Amino acid sequence: MDKESLPLNLPEELKEILKEFSFEVNNIGCSRAKVFKLFNDEKSLYLKINESSSIFDLEKEKIILEWVSQKLEVPEVIYFGKENDTAFLLISEIEGKVSHLTESDKEKRRNVKILAEGLKKIHSISTAACPIDYSTEKLLQKAKERMEKGNINSDDFDERWSDRSPEVLFEEVKKLKPTDFDPVFSHGDYCLPNILIKEGILGGFIDWSWGGVNDRYFDLASVIWSIGYNYGEEWVKYFLEDYGIENMDWNRLKFFQKLNEFFQQ
């Protein structure tokens with residue numbers, strides 16, 4: 001972690017909460033918000049700071065964390081506020097080691113099993129009364145709006161389709177659109193840096209700004225890509241076995257992986 005000064009324009013209530021804490025910039029996890037780790041002799045906290053206009057919505061993350069707090073191992077919301085078009089989210093620490101950092105194949109195999117079991121646990125939660133809905137139609141409309149506003153940079157696309165323009169990739173997305181969907185409660189960014197493992201078991205889940213009702217394959221697209229990127233493609237088959245997928249719909253997976261490119265910036 002890099003040391004850096006906290007912004008001076010924090011809300012007064014937040015300044016009071018943090019007055020006895022030291023801090024460092026935190027780069028663990030997949031959050032696109034600016035994140036600080038704060039600590040004193042008793043505990044550690046994390047502060048996320050993000051422009052309210054950002055596609056990564058800290059208020060929605062706060063809502064989901066509070067809704068799911070009794071169902072999953074997630075951070076506790078300690079403070080949320082907005083000031084001058086900036087959102088501030090202060091949360092507790094989830095102890096553990098990020099799952100993409102491994103030292104052996106044995107550890108990778110154990111982690112893959114934990115990743116599969118963790119995702120099954122998330123997907124088993126009833127969507128009834130879930131306060132946030134990320135239906136595929138809404139995501140497609142949002143992706144189109146962002147593209148038309150020029151908010152998509154093709155330089156950030158995955159290497160598999162890095163030669164496409166946003167317009168070309170969006171046409172491919174539309175052609176791959178499934179005819180039916182499987183809505184579940186979804187993490188929304190189920191990549192390895194967002195799953196923590198403590199002493200060989202699941203520690204918890206972080207970075208919930210895209211949490212809500214979504215298609216099952218939205219999460220599968222993220223974790224399968226992340227396993228391949230961090231561990232190697234040969235580990236994906238073990239995840240599919242542990243999650244319980246016998247007949248993978250690879251076109252549906254590719255649809256969501258391509259669609260996800262429109263929400264990375």
# chains A, B, ... in the order shown; residues from 1 in each chain; ligands from 1
$ select_by_dssp --residues "stretch 159-257 of chain A" --states "alpha helix (DSSP H)" --output "ChimeraX atom specification"
/A:166-176,216-230,236-243,250-257
$ write_last_selection --atoms "C-alpha atoms" --output "PDB file, in the first residue's frame"
ATOM      1  CA  PRO A 166     -17.113  -0.107 -29.212  1.00  0.00           C
ATOM      2  CA  GLU A 167     -19.725  -0.006 -31.976  1.00  0.00           C
ATOM      3  CA  VAL A 168     -18.575  -3.299 -33.499  1.00  0.00           C
ATOM      4  CA  LEU A 169     -18.383  -5.001 -30.123  1.00  0.00           C
ATOM      5  CA  PHE A 170     -21.861  -3.802 -29.203  1.00  0.00           C
ATOM      6  CA  GLU A 171     -23.272  -5.306 -32.414  1.00  0.00           C
ATOM      7  CA  GLU A 172     -21.632  -8.608 -31.464  1.00  0.00           C
ATOM      8  CA  VAL A 173     -23.202  -8.363 -28.018  1.00  0.00           C
ATOM      9  CA  LYS A 174     -26.670  -7.892 -29.523  1.00  0.00           C
ATOM     10  CA  LYS A 175     -26.233 -10.916 -31.799  1.00  0.00           C
ATOM     11  CA  LEU A 176     -25.210 -13.081 -28.832  1.00  0.00           C
ATOM     12  CA  ARG A 216     -26.382 -16.150 -13.249  1.00  0.00           C
ATOM     13  CA  TYR A 217     -23.940 -15.943 -16.141  1.00  0.00           C
ATOM     14  CA  PHE A 218     -23.005 -12.349 -15.303  1.00  0.00           C
ATOM     15  CA  ASP A 219     -21.077 -13.697 -12.301  1.00  0.00           C
ATOM     16  CA  LEU A 220     -19.907 -16.794 -14.138  1.00  0.00           C
ATOM     17  CA  ALA A 221     -18.448 -14.607 -16.872  1.00  0.00           C
ATOM     18  CA  SER A 222     -16.415 -12.640 -14.334  1.00  0.00           C
ATOM     19  CA  VAL A 223     -15.074 -15.540 -12.304  1.00  0.00           C
ATOM     20  CA  ILE A 224     -14.234 -17.766 -15.265  1.00  0.00           C
ATOM     21  CA  TRP A 225     -12.269 -14.955 -16.874  1.00  0.00           C
ATOM     22  CA  SER A 226     -10.579 -14.163 -13.546  1.00  0.00           C
ATOM     23  CA  ILE A 227      -9.578 -17.764 -12.888  1.00  0.00           C
ATOM     24  CA  GLY A 228      -8.075 -18.024 -16.360  1.00  0.00           C
ATOM     25  CA  TYR A 229      -6.225 -14.732 -15.968  1.00  0.00           C
ATOM     26  CA  ASN A 230      -4.880 -15.380 -12.466  1.00  0.00           C
ATOM     27  CA  VAL A 236     -11.602 -23.329 -15.130  1.00  0.00           C
ATOM     28  CA  LYS A 237     -12.771 -26.944 -15.509  1.00  0.00           C
ATOM     29  CA  TYR A 238     -12.383 -27.506 -11.773  1.00  0.00           C
ATOM     30  CA  PHE A 239     -14.517 -24.470 -11.014  1.00  0.00           C
ATOM     31  CA  LEU A 240     -17.255 -25.723 -13.353  1.00  0.00           C
ATOM     32  CA  GLU A 241     -17.185 -29.119 -11.643  1.00  0.00           C
ATOM     33  CA  ASP A 242     -17.320 -27.597  -8.165  1.00  0.00           C
ATOM     34  CA  TYR A 243     -20.103 -25.173  -9.063  1.00  0.00           C
ATOM     35  CA  TRP A 250     -20.360 -20.744 -23.861  1.00  0.00           C
ATOM     36  CA  ASN A 251     -22.279 -18.322 -26.090  1.00  0.00           C
ATOM     37  CA  ARG A 252     -24.173 -16.979 -23.083  1.00  0.00           C
ATOM     38  CA  LEU A 253     -20.861 -16.665 -21.247  1.00  0.00           C
ATOM     39  CA  LYS A 254     -19.308 -14.745 -24.132  1.00  0.00           C
ATOM     40  CA  PHE A 255     -22.360 -12.464 -24.306  1.00  0.00           C
ATOM     41  CA  PHE A 256     -21.876 -11.365 -20.703  1.00  0.00           C
ATOM     42  CA  GLN A 257     -18.098 -11.121 -20.971  1.00  0.00           C
TER      43      GLN A 257
END
$ closest_atom_pairs --of "stretch 10-70 of chain A" --to "stretch 112-136 of chain A" --cutoff "9 Å" --atoms "only C-alpha atoms" --output "tab-separated table"
residue	atom	partner	partner_atom	distance
A:Lys60	CA	A:Ile132	CA	7.6
A:Ile63	CA	A:Pro131	CA	7.5
A:Ile64	CA	A:Pro131	CA	7.4
A:Trp67	CA	A:Cys130	CA	7.4
A:Val68	CA	A:Cys130	CA	8.8
$ select_by_dssp --residues "stretch 76-262 of chain A" --states "strand (DSSP E or B)" --output "ChimeraX atom specification"
/A:77-83,86-92,97-98,133,183-186,195-198,201-205,212-215
$ atom_distance --atom1 "atom CA of A:Glu12" --atom2 "atom CA of A:Asn84"
12.9 Å
